$ cat start-v9.txt   # compact mmCIF, N, CA and C atoms
# COMPACT_ATOMS: atom_id res chain seq x y z
N MET A 1 49.75 -89.35 -6.68
CA MET A 1 51.08 -89.93 -6.72
C MET A 1 51.91 -89.08 -7.67
N ARG A 2 53.07 -88.66 -7.18
CA ARG A 2 53.95 -87.80 -7.97
C ARG A 2 55.37 -88.37 -7.95
N PHE A 3 55.75 -88.96 -9.07
CA PHE A 3 57.11 -89.47 -9.21
C PHE A 3 58.01 -88.31 -9.62
N LEU A 4 59.08 -88.09 -8.86
CA LEU A 4 59.98 -86.98 -9.13
C LEU A 4 61.42 -87.45 -9.11
N GLY A 5 62.29 -86.72 -9.81
CA GLY A 5 63.71 -86.99 -9.78
C GLY A 5 64.15 -87.99 -10.83
N ASN A 6 65.45 -88.30 -10.80
CA ASN A 6 65.98 -89.30 -11.73
C ASN A 6 67.01 -90.15 -11.02
N ILE A 7 67.04 -91.42 -11.40
CA ILE A 7 67.90 -92.40 -10.74
C ILE A 7 68.53 -93.27 -11.82
N GLU A 8 69.85 -93.39 -11.78
CA GLU A 8 70.55 -94.27 -12.72
C GLU A 8 70.60 -95.68 -12.16
N ALA A 9 70.51 -96.65 -13.06
CA ALA A 9 70.53 -98.06 -12.66
C ALA A 9 71.11 -98.88 -13.80
N LYS A 10 71.14 -100.18 -13.62
CA LYS A 10 71.62 -101.10 -14.66
C LYS A 10 70.60 -102.22 -14.84
N ILE A 11 70.58 -102.79 -16.03
CA ILE A 11 69.79 -103.99 -16.24
C ILE A 11 70.76 -105.17 -16.29
N ASP A 12 70.27 -106.33 -15.88
CA ASP A 12 71.13 -107.51 -15.91
C ASP A 12 71.10 -108.16 -17.29
N ALA A 13 71.82 -109.24 -17.45
CA ALA A 13 71.93 -109.91 -18.75
C ALA A 13 70.58 -110.40 -19.27
N LYS A 14 69.64 -110.66 -18.37
CA LYS A 14 68.31 -111.12 -18.79
C LYS A 14 67.36 -109.96 -19.09
N GLY A 15 67.81 -108.73 -18.86
CA GLY A 15 66.97 -107.56 -19.14
C GLY A 15 66.13 -107.12 -17.95
N ARG A 16 66.52 -107.58 -16.76
CA ARG A 16 65.75 -107.20 -15.56
C ARG A 16 66.36 -105.96 -14.92
N ALA A 17 65.48 -105.13 -14.36
CA ALA A 17 65.91 -103.93 -13.66
C ALA A 17 65.17 -103.85 -12.33
N PHE A 18 65.82 -103.24 -11.36
CA PHE A 18 65.16 -102.97 -10.08
C PHE A 18 64.44 -101.63 -10.20
N LEU A 19 63.16 -101.61 -9.92
CA LEU A 19 62.47 -100.33 -9.85
C LEU A 19 63.00 -99.62 -8.62
N PRO A 20 63.45 -98.38 -8.75
CA PRO A 20 64.01 -97.68 -7.59
C PRO A 20 63.08 -97.72 -6.38
N ALA A 21 63.67 -97.90 -5.21
CA ALA A 21 62.91 -98.06 -3.97
C ALA A 21 61.96 -96.90 -3.72
N THR A 22 62.38 -95.68 -4.04
CA THR A 22 61.49 -94.52 -3.79
C THR A 22 60.23 -94.63 -4.62
N PHE A 23 60.35 -95.09 -5.86
CA PHE A 23 59.17 -95.25 -6.71
C PHE A 23 58.32 -96.43 -6.25
N ARG A 24 58.99 -97.52 -5.84
CA ARG A 24 58.26 -98.70 -5.33
C ARG A 24 57.43 -98.33 -4.12
N LYS A 25 58.01 -97.57 -3.20
CA LYS A 25 57.28 -97.17 -1.99
C LYS A 25 56.05 -96.34 -2.32
N MET A 26 56.18 -95.47 -3.30
CA MET A 26 55.03 -94.65 -3.71
C MET A 26 53.92 -95.53 -4.28
N LEU A 27 54.30 -96.50 -5.09
CA LEU A 27 53.31 -97.42 -5.67
C LEU A 27 52.61 -98.22 -4.57
N GLN A 28 53.40 -98.73 -3.62
CA GLN A 28 52.83 -99.52 -2.52
C GLN A 28 51.89 -98.67 -1.68
N ALA A 29 52.28 -97.44 -1.38
CA ALA A 29 51.44 -96.54 -0.58
C ALA A 29 50.12 -96.24 -1.28
N ALA A 30 50.15 -96.21 -2.60
CA ALA A 30 48.93 -95.94 -3.37
C ALA A 30 48.14 -97.22 -3.65
N GLY A 31 48.66 -98.37 -3.21
CA GLY A 31 47.97 -99.63 -3.45
C GLY A 31 48.03 -100.10 -4.89
N GLU A 32 49.05 -99.66 -5.60
CA GLU A 32 49.21 -100.04 -7.02
C GLU A 32 50.03 -101.32 -7.12
N ASP A 33 49.48 -102.33 -7.76
CA ASP A 33 50.21 -103.58 -7.97
C ASP A 33 50.73 -103.70 -9.39
N GLY A 34 49.89 -103.35 -10.35
CA GLY A 34 50.24 -103.54 -11.75
C GLY A 34 50.83 -102.29 -12.38
N LEU A 35 51.68 -102.53 -13.37
CA LEU A 35 52.27 -101.46 -14.16
C LEU A 35 52.09 -101.80 -15.63
N VAL A 36 52.07 -100.78 -16.45
CA VAL A 36 51.98 -100.95 -17.89
C VAL A 36 53.18 -100.26 -18.51
N LEU A 37 53.89 -100.98 -19.39
CA LEU A 37 55.08 -100.46 -20.05
C LEU A 37 54.77 -100.22 -21.51
N ARG A 38 55.18 -99.07 -22.01
CA ARG A 38 54.96 -98.72 -23.40
C ARG A 38 56.07 -97.81 -23.86
N LYS A 39 56.43 -97.88 -25.14
CA LYS A 39 57.38 -96.91 -25.68
C LYS A 39 56.68 -95.56 -25.76
N ASP A 40 57.40 -94.50 -25.44
CA ASP A 40 56.83 -93.16 -25.53
C ASP A 40 56.47 -92.85 -26.97
N VAL A 41 55.42 -92.09 -27.16
CA VAL A 41 54.95 -91.74 -28.50
C VAL A 41 55.93 -90.78 -29.18
N PHE A 42 56.56 -89.89 -28.42
CA PHE A 42 57.38 -88.84 -29.01
C PHE A 42 58.88 -89.02 -28.85
N GLN A 43 59.32 -89.68 -27.80
CA GLN A 43 60.74 -89.78 -27.48
C GLN A 43 61.22 -91.23 -27.53
N SER A 44 62.54 -91.40 -27.56
CA SER A 44 63.14 -92.74 -27.56
C SER A 44 63.33 -93.22 -26.13
N CYS A 45 62.23 -93.34 -25.42
CA CYS A 45 62.28 -93.86 -24.06
C CYS A 45 61.04 -94.72 -23.83
N LEU A 46 61.04 -95.41 -22.70
CA LEU A 46 59.89 -96.23 -22.30
C LEU A 46 59.15 -95.49 -21.20
N VAL A 47 57.87 -95.78 -21.06
CA VAL A 47 57.07 -95.15 -20.01
C VAL A 47 56.40 -96.24 -19.20
N LEU A 48 56.57 -96.17 -17.88
CA LEU A 48 55.88 -97.05 -16.94
C LEU A 48 54.68 -96.30 -16.38
N TYR A 49 53.50 -96.85 -16.58
CA TYR A 49 52.28 -96.27 -16.05
C TYR A 49 51.79 -97.13 -14.89
N PRO A 50 51.50 -96.56 -13.74
CA PRO A 50 50.75 -97.34 -12.75
C PRO A 50 49.41 -97.72 -13.40
N GLU A 51 48.90 -98.88 -13.07
CA GLU A 51 47.70 -99.38 -13.74
C GLU A 51 46.53 -98.39 -13.68
N SER A 52 46.34 -97.71 -12.55
CA SER A 52 45.22 -96.76 -12.45
C SER A 52 45.42 -95.58 -13.40
N VAL A 53 46.65 -95.12 -13.57
CA VAL A 53 46.93 -94.01 -14.49
C VAL A 53 46.69 -94.47 -15.93
N TRP A 54 47.15 -95.68 -16.24
CA TRP A 54 46.92 -96.24 -17.59
C TRP A 54 45.42 -96.32 -17.87
N ASN A 55 44.65 -96.82 -16.91
CA ASN A 55 43.20 -96.95 -17.11
C ASN A 55 42.55 -95.60 -17.34
N GLU A 56 42.99 -94.56 -16.61
CA GLU A 56 42.47 -93.21 -16.84
C GLU A 56 42.80 -92.74 -18.26
N GLN A 57 44.02 -93.01 -18.71
CA GLN A 57 44.43 -92.63 -20.07
C GLN A 57 43.55 -93.33 -21.10
N MET A 58 43.29 -94.61 -20.88
CA MET A 58 42.45 -95.36 -21.81
C MET A 58 41.03 -94.80 -21.84
N ASP A 59 40.50 -94.47 -20.68
CA ASP A 59 39.15 -93.90 -20.62
C ASP A 59 39.08 -92.57 -21.35
N THR A 60 40.08 -91.72 -21.13
CA THR A 60 40.12 -90.42 -21.79
C THR A 60 40.24 -90.58 -23.30
N MET A 61 41.14 -91.46 -23.71
CA MET A 61 41.34 -91.67 -25.15
C MET A 61 40.08 -92.24 -25.80
N ARG A 62 39.47 -93.21 -25.14
CA ARG A 62 38.28 -93.83 -25.70
C ARG A 62 37.14 -92.81 -25.84
N GLN A 63 37.02 -91.89 -24.88
CA GLN A 63 35.99 -90.87 -24.95
C GLN A 63 36.21 -89.91 -26.12
N ARG A 64 37.47 -89.67 -26.45
CA ARG A 64 37.79 -88.71 -27.51
C ARG A 64 37.74 -89.32 -28.90
N LEU A 65 37.87 -90.64 -28.98
CA LEU A 65 37.92 -91.30 -30.28
C LEU A 65 36.60 -91.95 -30.64
N ASN A 66 36.30 -91.92 -31.90
CA ASN A 66 35.08 -92.51 -32.43
C ASN A 66 35.37 -93.93 -32.90
N ARG A 67 34.67 -94.89 -32.34
CA ARG A 67 34.87 -96.30 -32.73
C ARG A 67 34.54 -96.54 -34.20
N TRP A 68 33.76 -95.66 -34.81
CA TRP A 68 33.34 -95.84 -36.19
C TRP A 68 34.16 -95.02 -37.16
N ASN A 69 35.26 -94.47 -36.68
CA ASN A 69 36.20 -93.75 -37.54
C ASN A 69 37.42 -94.65 -37.71
N LYS A 70 37.67 -95.05 -38.95
CA LYS A 70 38.73 -96.02 -39.22
C LYS A 70 40.10 -95.57 -38.70
N GLN A 71 40.48 -94.33 -38.98
CA GLN A 71 41.79 -93.86 -38.55
C GLN A 71 41.88 -93.78 -37.02
N GLN A 72 40.83 -93.28 -36.39
CA GLN A 72 40.85 -93.18 -34.93
C GLN A 72 40.91 -94.55 -34.28
N GLN A 73 40.22 -95.51 -34.85
CA GLN A 73 40.27 -96.87 -34.32
C GLN A 73 41.67 -97.47 -34.47
N GLN A 74 42.32 -97.16 -35.60
CA GLN A 74 43.68 -97.64 -35.82
C GLN A 74 44.65 -97.01 -34.82
N VAL A 75 44.50 -95.72 -34.54
CA VAL A 75 45.35 -95.04 -33.56
C VAL A 75 45.18 -95.70 -32.19
N PHE A 76 43.93 -95.92 -31.80
CA PHE A 76 43.67 -96.55 -30.51
C PHE A 76 44.28 -97.94 -30.45
N ARG A 77 44.06 -98.72 -31.50
CA ARG A 77 44.58 -100.10 -31.56
C ARG A 77 46.10 -100.10 -31.41
N GLN A 78 46.76 -99.23 -32.16
CA GLN A 78 48.22 -99.20 -32.09
C GLN A 78 48.70 -98.75 -30.72
N PHE A 79 48.03 -97.78 -30.12
CA PHE A 79 48.45 -97.28 -28.82
C PHE A 79 48.32 -98.36 -27.75
N VAL A 80 47.20 -99.08 -27.73
CA VAL A 80 46.98 -100.06 -26.66
C VAL A 80 47.62 -101.43 -26.94
N SER A 81 47.91 -101.72 -28.20
CA SER A 81 48.47 -103.05 -28.49
C SER A 81 49.97 -103.10 -28.27
N GLU A 82 50.62 -101.96 -28.21
CA GLU A 82 52.07 -101.93 -28.04
C GLU A 82 52.46 -101.74 -26.58
N VAL A 83 51.81 -102.49 -25.70
CA VAL A 83 52.09 -102.39 -24.28
C VAL A 83 52.48 -103.75 -23.72
N GLU A 84 53.11 -103.70 -22.58
CA GLU A 84 53.49 -104.91 -21.85
C GLU A 84 53.02 -104.73 -20.41
N LEU A 85 52.30 -105.71 -19.88
CA LEU A 85 51.89 -105.66 -18.48
C LEU A 85 53.08 -106.09 -17.63
N ILE A 86 53.37 -105.31 -16.61
CA ILE A 86 54.56 -105.51 -15.79
C ILE A 86 54.16 -105.82 -14.35
N THR A 87 54.79 -106.83 -13.80
CA THR A 87 54.63 -107.15 -12.39
C THR A 87 56.00 -107.19 -11.77
N LEU A 88 56.15 -106.58 -10.63
CA LEU A 88 57.43 -106.62 -9.92
C LEU A 88 57.56 -107.96 -9.20
N ASP A 89 58.75 -108.53 -9.22
CA ASP A 89 58.96 -109.76 -8.46
C ASP A 89 59.17 -109.40 -6.99
N GLY A 90 59.41 -110.38 -6.16
CA GLY A 90 59.55 -110.15 -4.72
C GLY A 90 60.71 -109.23 -4.35
N ASN A 91 61.67 -109.09 -5.26
CA ASN A 91 62.82 -108.21 -5.01
C ASN A 91 62.65 -106.82 -5.62
N GLY A 92 61.51 -106.58 -6.27
CA GLY A 92 61.28 -105.28 -6.89
C GLY A 92 61.84 -105.16 -8.29
N ARG A 93 62.13 -106.32 -8.91
CA ARG A 93 62.64 -106.32 -10.28
C ARG A 93 61.52 -106.54 -11.27
N PHE A 94 61.77 -106.08 -12.50
CA PHE A 94 60.85 -106.34 -13.60
C PHE A 94 61.67 -106.53 -14.87
N LEU A 95 61.08 -107.21 -15.83
CA LEU A 95 61.76 -107.51 -17.09
C LEU A 95 61.44 -106.43 -18.12
N ILE A 96 62.48 -105.94 -18.76
CA ILE A 96 62.30 -105.06 -19.93
C ILE A 96 62.53 -105.94 -21.15
N PRO A 97 61.45 -106.31 -21.85
CA PRO A 97 61.61 -107.22 -22.99
C PRO A 97 62.60 -106.67 -24.03
N LYS A 98 63.25 -107.58 -24.73
CA LYS A 98 64.29 -107.22 -25.72
C LYS A 98 63.77 -106.22 -26.74
N ARG A 99 62.54 -106.39 -27.23
CA ARG A 99 62.03 -105.46 -28.25
C ARG A 99 61.93 -104.05 -27.70
N TYR A 100 61.60 -103.92 -26.43
CA TYR A 100 61.54 -102.59 -25.81
C TYR A 100 62.94 -102.03 -25.60
N GLN A 101 63.88 -102.89 -25.27
CA GLN A 101 65.26 -102.44 -25.14
C GLN A 101 65.75 -101.86 -26.47
N ARG A 102 65.41 -102.55 -27.57
CA ARG A 102 65.81 -102.06 -28.90
C ARG A 102 65.12 -100.74 -29.22
N MET A 103 63.81 -100.65 -28.96
CA MET A 103 63.05 -99.43 -29.27
C MET A 103 63.63 -98.21 -28.59
N ALA A 104 64.11 -98.38 -27.37
CA ALA A 104 64.58 -97.25 -26.57
C ALA A 104 66.11 -97.16 -26.52
N ALA A 105 66.79 -97.96 -27.34
CA ALA A 105 68.26 -97.96 -27.38
C ALA A 105 68.84 -98.15 -25.98
N ILE A 106 68.28 -99.10 -25.26
CA ILE A 106 68.75 -99.41 -23.91
C ILE A 106 69.79 -100.50 -24.00
N GLU A 107 70.94 -100.23 -23.40
CA GLU A 107 71.97 -101.25 -23.32
C GLU A 107 72.02 -101.71 -21.87
N GLN A 108 73.08 -101.40 -21.16
CA GLN A 108 73.14 -101.86 -19.78
C GLN A 108 72.70 -100.78 -18.80
N GLY A 109 73.13 -99.55 -19.03
CA GLY A 109 72.79 -98.47 -18.12
C GLY A 109 71.47 -97.83 -18.49
N ILE A 110 70.66 -97.55 -17.48
CA ILE A 110 69.37 -96.89 -17.70
C ILE A 110 69.20 -95.76 -16.70
N LYS A 111 68.25 -94.90 -17.01
CA LYS A 111 67.91 -93.81 -16.11
C LYS A 111 66.40 -93.78 -15.96
N PHE A 112 65.94 -93.85 -14.71
CA PHE A 112 64.52 -93.70 -14.39
C PHE A 112 64.28 -92.21 -14.15
N VAL A 113 63.26 -91.66 -14.79
CA VAL A 113 62.93 -90.25 -14.62
C VAL A 113 61.47 -90.15 -14.19
N GLY A 114 61.26 -89.58 -12.99
CA GLY A 114 59.90 -89.37 -12.51
C GLY A 114 59.25 -88.24 -13.27
N MET A 115 58.08 -88.51 -13.84
CA MET A 115 57.37 -87.53 -14.66
C MET A 115 55.98 -87.25 -14.10
N GLY A 116 55.89 -87.16 -12.79
CA GLY A 116 54.58 -86.90 -12.17
C GLY A 116 53.85 -88.20 -11.96
N ASP A 117 52.92 -88.53 -12.85
CA ASP A 117 52.13 -89.75 -12.67
C ASP A 117 52.67 -90.95 -13.43
N THR A 118 53.80 -90.77 -14.14
CA THR A 118 54.44 -91.87 -14.85
C THR A 118 55.95 -91.84 -14.58
N ILE A 119 56.62 -92.91 -15.01
CA ILE A 119 58.07 -93.01 -14.88
C ILE A 119 58.64 -93.33 -16.25
N GLU A 120 59.57 -92.50 -16.71
CA GLU A 120 60.24 -92.79 -17.97
C GLU A 120 61.49 -93.62 -17.69
N ILE A 121 61.83 -94.47 -18.67
CA ILE A 121 63.05 -95.27 -18.60
C ILE A 121 63.85 -94.96 -19.86
N TRP A 122 65.04 -94.43 -19.66
CA TRP A 122 65.90 -94.03 -20.76
C TRP A 122 67.18 -94.86 -20.78
N GLY A 123 67.70 -95.13 -21.97
CA GLY A 123 69.07 -95.57 -22.07
C GLY A 123 69.93 -94.38 -21.68
N LEU A 124 71.04 -94.60 -20.99
CA LEU A 124 71.85 -93.47 -20.48
C LEU A 124 72.28 -92.50 -21.57
N GLN A 125 72.73 -93.03 -22.70
CA GLN A 125 73.19 -92.15 -23.77
C GLN A 125 72.05 -91.30 -24.31
N LYS A 126 70.90 -91.90 -24.56
CA LYS A 126 69.73 -91.15 -25.07
C LYS A 126 69.28 -90.10 -24.07
N ALA A 127 69.34 -90.42 -22.79
CA ALA A 127 68.92 -89.48 -21.75
C ALA A 127 69.78 -88.22 -21.81
N GLU A 128 71.08 -88.40 -21.97
CA GLU A 128 71.98 -87.25 -22.04
C GLU A 128 71.75 -86.44 -23.31
N GLU A 129 71.47 -87.11 -24.43
CA GLU A 129 71.23 -86.42 -25.70
C GLU A 129 69.99 -85.54 -25.64
N GLN A 130 69.01 -85.94 -24.83
CA GLN A 130 67.73 -85.22 -24.78
C GLN A 130 67.75 -84.00 -23.87
N GLN A 131 68.79 -83.86 -23.07
CA GLN A 131 68.85 -82.73 -22.14
C GLN A 131 69.07 -81.42 -22.89
N MET A 132 68.32 -80.38 -22.48
CA MET A 132 68.52 -79.04 -23.01
C MET A 132 69.71 -78.42 -22.28
N SER A 133 70.36 -77.48 -22.93
CA SER A 133 71.41 -76.75 -22.23
C SER A 133 70.74 -75.90 -21.14
N PRO A 134 71.46 -75.55 -20.08
CA PRO A 134 70.86 -74.74 -19.03
C PRO A 134 70.25 -73.43 -19.58
N GLU A 135 70.93 -72.81 -20.53
CA GLU A 135 70.42 -71.55 -21.10
C GLU A 135 69.13 -71.79 -21.90
N ASP A 136 69.11 -72.83 -22.75
CA ASP A 136 67.90 -73.14 -23.52
C ASP A 136 66.74 -73.49 -22.58
N PHE A 137 67.06 -74.25 -21.52
CA PHE A 137 66.02 -74.62 -20.56
C PHE A 137 65.44 -73.39 -19.87
N SER A 138 66.30 -72.49 -19.39
CA SER A 138 65.78 -71.31 -18.69
C SER A 138 64.99 -70.41 -19.64
N ASN A 139 65.44 -70.28 -20.89
CA ASN A 139 64.69 -69.48 -21.86
C ASN A 139 63.33 -70.08 -22.17
N ALA A 140 63.29 -71.39 -22.36
CA ALA A 140 62.02 -72.06 -22.65
C ALA A 140 61.07 -71.96 -21.46
N LEU A 141 61.60 -72.14 -20.26
CA LEU A 141 60.77 -72.05 -19.06
C LEU A 141 60.24 -70.63 -18.87
N GLU A 142 61.09 -69.65 -19.11
CA GLU A 142 60.66 -68.26 -19.00
C GLU A 142 59.53 -67.98 -19.98
N GLU A 143 59.65 -68.46 -21.21
CA GLU A 143 58.62 -68.23 -22.22
C GLU A 143 57.32 -68.93 -21.84
N LEU A 144 57.43 -70.16 -21.37
CA LEU A 144 56.23 -70.91 -20.99
C LEU A 144 55.49 -70.31 -19.80
N MET A 145 56.25 -69.80 -18.85
CA MET A 145 55.66 -69.35 -17.60
C MET A 145 55.42 -67.84 -17.55
N ALA A 146 55.78 -67.12 -18.59
CA ALA A 146 55.60 -65.67 -18.60
C ALA A 146 54.11 -65.34 -18.50
N VAL A 147 53.83 -64.37 -17.69
CA VAL A 147 52.44 -63.91 -17.50
C VAL A 147 52.13 -62.93 -18.62
N THR A 148 51.06 -63.18 -19.33
CA THR A 148 50.64 -62.26 -20.39
C THR A 148 49.44 -61.48 -19.90
N GLU A 149 49.46 -60.24 -20.21
CA GLU A 149 48.35 -59.39 -19.77
C GLU A 149 47.64 -58.78 -20.92

$ encode --input "start-v9.txt" --output "structure tokens"
Amino acid sequence: MRFLGNIEAKIDAKGRAFLPATFRKMLQAAGEDGLVLRKDVFQSCLVLYPESVWNEQMDTMRQRLNRWNKQQQQVFRQFVSEVELITLDGNGRFLIPKRYQRMAAIEQGIKFVGMGDTIEIWGLQKAEEQQMSPEDFSNALEELMAVTE
């Protein structure tokens, strides 16, 4: 499953948003019912994980962390405890809890960004602030993709 592109939307007064139809169709085709919502570790956005992707992340993280290491256990606890299980209603809506809206500076306008196996949710203003200039983007991409011999 590869979520691609970006779609602007709005949340209602109760904090509900419609998951874009293109993303919903991909989830349905993959047989995904559950979603997991979490604030991104590095950016001021939220991340929606299909349940199978979340479970893979948990398995990978658990394999890398030692249950008998205090700091590693704390990292794992914090990562998994700051999530919200999401279910779409019959209309394809889901609730973005108020605390998550505050964490990601989400007001009324949001932007869904397909990130391959996850979907980011940005407040519109934050989404624009995070964009690189076209020149910076092309330079960074050139550096990342340059073939070294």

$ atom_distance --input "start-v9.txt" --atom1 "atom C of Gly116 of chain A" --atom2 "atom C of Ile86 of chain A"
17.8 Å

$ atom_distance --input "start-v9.txt" --atom1 "atom N of Lys98 of chain A" --atom2 "atom CA of Pro50 of chain A"
20.1 Å

$ closest_residue --input "start-v9.txt" --among "A:Lys10, A:Asn55, A:Asp40, A:Leu35" --to "Glu107 of chain A" --atoms "only C-alpha atoms"
A:Lys10

$ closest_residue --input "start-v9.txt" --among "A:Arg67, A:Phe137, A:Val36, A:Ala146" --to "Ser52 of chain A" --atoms "all atoms listed in the file"
A:Val36

$ atom_distance --input "start-v9.txt" --atom1 "atom CA of Pro20 of chain A" --atom2 "atom CA of Gly114 of chain A"
10.5 Å

$ residues_around --input "start-v9.txt" --residues "Val83 of chain A" --least-positions-apart "4" --cutoff "8 Å" --atoms "only N, CA and C atoms" --output "ChimeraX atom specification"
/A:36-39,78-79

$ decode --input "start-v9.txt" --residues "segment 60-68 of chain A" --atoms "all heavy atoms" --output "PDB file, in the first residue's frame"
ATOM      1  N   THR A  60       9.266  -4.383  15.057  1.00  0.00           N
ATOM      2  CA  THR A  60      10.640  -3.954  14.792  1.00  0.00           C
ATOM      3  C   THR A  60      11.227  -3.253  16.003  1.00  0.00           C
ATOM      4  O   THR A  60      12.362  -3.535  16.416  1.00  0.00           O
ATOM      5  CB  THR A  60      10.684  -3.007  13.566  1.00  0.00           C
ATOM      6  OG1 THR A  60      10.187  -3.713  12.437  1.00  0.00           O
ATOM      7  CG2 THR A  60      12.087  -2.509  13.291  1.00  0.00           C
ATOM      8  N   MET A  61      10.453  -2.354  16.587  1.00  0.00           N
ATOM      9  CA  MET A  61      10.942  -1.618  17.752  1.00  0.00           C
ATOM     10  C   MET A  61      11.204  -2.557  18.924  1.00  0.00           C
ATOM     11  O   MET A  61      12.228  -2.473  19.589  1.00  0.00           O
ATOM     12  CB  MET A  61       9.946  -0.533  18.154  1.00  0.00           C
ATOM     13  CG  MET A  61      10.447   0.357  19.268  1.00  0.00           C
ATOM     14  SD  MET A  61       9.270   1.655  19.681  1.00  0.00           S
ATOM     15  CE  MET A  61       9.771   2.884  18.499  1.00  0.00           C
ATOM     16  N   ARG A  62      10.287  -3.474  19.160  1.00  0.00           N
ATOM     17  CA  ARG A  62      10.441  -4.397  20.279  1.00  0.00           C
ATOM     18  C   ARG A  62      11.687  -5.271  20.096  1.00  0.00           C
ATOM     19  O   ARG A  62      12.406  -5.548  21.047  1.00  0.00           O
ATOM     20  CB  ARG A  62       9.167  -5.250  20.413  1.00  0.00           C
ATOM     21  CG  ARG A  62       9.089  -6.162  21.604  1.00  0.00           C
ATOM     22  CD  ARG A  62       9.639  -5.639  22.882  1.00  0.00           C
ATOM     23  NE  ARG A  62       8.768  -4.845  23.691  1.00  0.00           N
ATOM     24  CZ  ARG A  62       9.205  -4.068  24.682  1.00  0.00           C
ATOM     25  NH1 ARG A  62      10.475  -3.983  24.972  1.00  0.00           N
ATOM     26  NH2 ARG A  62       8.373  -3.369  25.386  1.00  0.00           N
ATOM     27  N   GLN A  63      11.977  -5.679  18.857  1.00  0.00           N
ATOM     28  CA  GLN A  63      13.163  -6.487  18.593  1.00  0.00           C
ATOM     29  C   GLN A  63      14.450  -5.715  18.868  1.00  0.00           C
ATOM     30  O   GLN A  63      15.446  -6.301  19.286  1.00  0.00           O
ATOM     31  CB  GLN A  63      13.176  -6.982  17.141  1.00  0.00           C
ATOM     32  CG  GLN A  63      12.140  -8.037  16.866  1.00  0.00           C
ATOM     33  CD  GLN A  63      12.028  -8.351  15.372  1.00  0.00           C
ATOM     34  OE1 GLN A  63      12.729  -7.792  14.552  1.00  0.00           O
ATOM     35  NE2 GLN A  63      11.103  -9.241  15.040  1.00  0.00           N
ATOM     36  N   ARG A  64      14.423  -4.419  18.628  1.00  0.00           N
ATOM     37  CA  ARG A  64      15.628  -3.603  18.798  1.00  0.00           C
ATOM     38  C   ARG A  64      15.852  -3.146  20.224  1.00  0.00           C
ATOM     39  O   ARG A  64      16.958  -2.775  20.586  1.00  0.00           O
ATOM     40  CB  ARG A  64      15.565  -2.377  17.897  1.00  0.00           C
ATOM     41  CG  ARG A  64      15.669  -2.728  16.447  1.00  0.00           C
ATOM     42  CD  ARG A  64      15.673  -1.497  15.595  1.00  0.00           C
ATOM     43  NE  ARG A  64      15.714  -1.889  14.194  1.00  0.00           N
ATOM     44  CZ  ARG A  64      15.692  -1.043  13.194  1.00  0.00           C
ATOM     45  NH1 ARG A  64      15.644   0.245  13.438  1.00  0.00           N
ATOM     46  NH2 ARG A  64      15.722  -1.470  11.960  1.00  0.00           N
ATOM     47  N   LEU A  65      14.793  -3.129  21.024  1.00  0.00           N
ATOM     48  CA  LEU A  65      14.903  -2.623  22.385  1.00  0.00           C
ATOM     49  C   LEU A  65      14.972  -3.752  23.401  1.00  0.00           C
ATOM     50  O   LEU A  65      14.329  -4.778  23.257  1.00  0.00           O
ATOM     51  CB  LEU A  65      13.707  -1.711  22.705  1.00  0.00           C
ATOM     52  CG  LEU A  65      13.571  -0.463  21.835  1.00  0.00           C
ATOM     53  CD1 LEU A  65      12.312   0.299  22.207  1.00  0.00           C
ATOM     54  CD2 LEU A  65      14.780   0.429  21.952  1.00  0.00           C
ATOM     55  N   ASN A  66      15.727  -3.504  24.432  1.00  0.00           N
ATOM     56  CA  ASN A  66      15.907  -4.466  25.513  1.00  0.00           C
ATOM     57  C   ASN A  66      14.903  -4.154  26.628  1.00  0.00           C
ATOM     58  O   ASN A  66      14.911  -3.061  27.181  1.00  0.00           O
ATOM     59  CB  ASN A  66      17.353  -4.341  26.032  1.00  0.00           C
ATOM     60  CG  ASN A  66      17.652  -5.282  27.171  1.00  0.00           C
ATOM     61  OD1 ASN A  66      16.773  -5.876  27.780  1.00  0.00           O
ATOM     62  ND2 ASN A  66      18.928  -5.405  27.466  1.00  0.00           N
ATOM     63  N   ARG A  67      14.068  -5.115  26.949  1.00  0.00           N
ATOM     64  CA  ARG A  67      13.072  -4.911  28.015  1.00  0.00           C
ATOM     65  C   ARG A  67      13.721  -4.642  29.373  1.00  0.00           C
ATOM     66  O   ARG A  67      13.078  -4.132  30.274  1.00  0.00           O
ATOM     67  CB  ARG A  67      12.178  -6.141  28.152  1.00  0.00           C
ATOM     68  CG  ARG A  67      11.217  -6.332  27.036  1.00  0.00           C
ATOM     69  CD  ARG A  67      10.399  -7.604  27.288  1.00  0.00           C
ATOM     70  NE  ARG A  67       9.655  -7.982  26.123  1.00  0.00           N
ATOM     71  CZ  ARG A  67       8.360  -7.727  25.967  1.00  0.00           C
ATOM     72  NH1 ARG A  67       7.687  -7.109  26.891  1.00  0.00           N
ATOM     73  NH2 ARG A  67       7.744  -8.112  24.872  1.00  0.00           N
ATOM     74  N   TRP A  68      14.978  -5.020  29.530  1.00  0.00           N
ATOM     75  CA  TRP A  68      15.658  -4.870  30.807  1.00  0.00           C
ATOM     76  C   TRP A  68      16.556  -3.643  30.848  1.00  0.00           C
ATOM     77  O   TRP A  68      17.331  -3.460  31.773  1.00  0.00           O
ATOM     78  CB  TRP A  68      16.435  -6.147  31.128  1.00  0.00           C
ATOM     79  CG  TRP A  68      15.503  -7.310  31.099  1.00  0.00           C
ATOM     80  CD1 TRP A  68      15.437  -8.282  30.156  1.00  0.00           C
ATOM     81  CD2 TRP A  68      14.439  -7.571  32.013  1.00  0.00           C
ATOM     82  NE1 TRP A  68      14.407  -9.142  30.424  1.00  0.00           N
ATOM     83  CE2 TRP A  68      13.769  -8.740  31.574  1.00  0.00           C
ATOM     84  CE3 TRP A  68      13.971  -6.944  33.169  1.00  0.00           C
ATOM     85  CZ2 TRP A  68      12.690  -9.287  32.236  1.00  0.00           C
ATOM     86  CZ3 TRP A  68      12.896  -7.500  33.833  1.00  0.00           C
ATOM     87  CH2 TRP A  68      12.266  -8.650  33.363  1.00  0.00           C
TER      88      TRP A  68
END
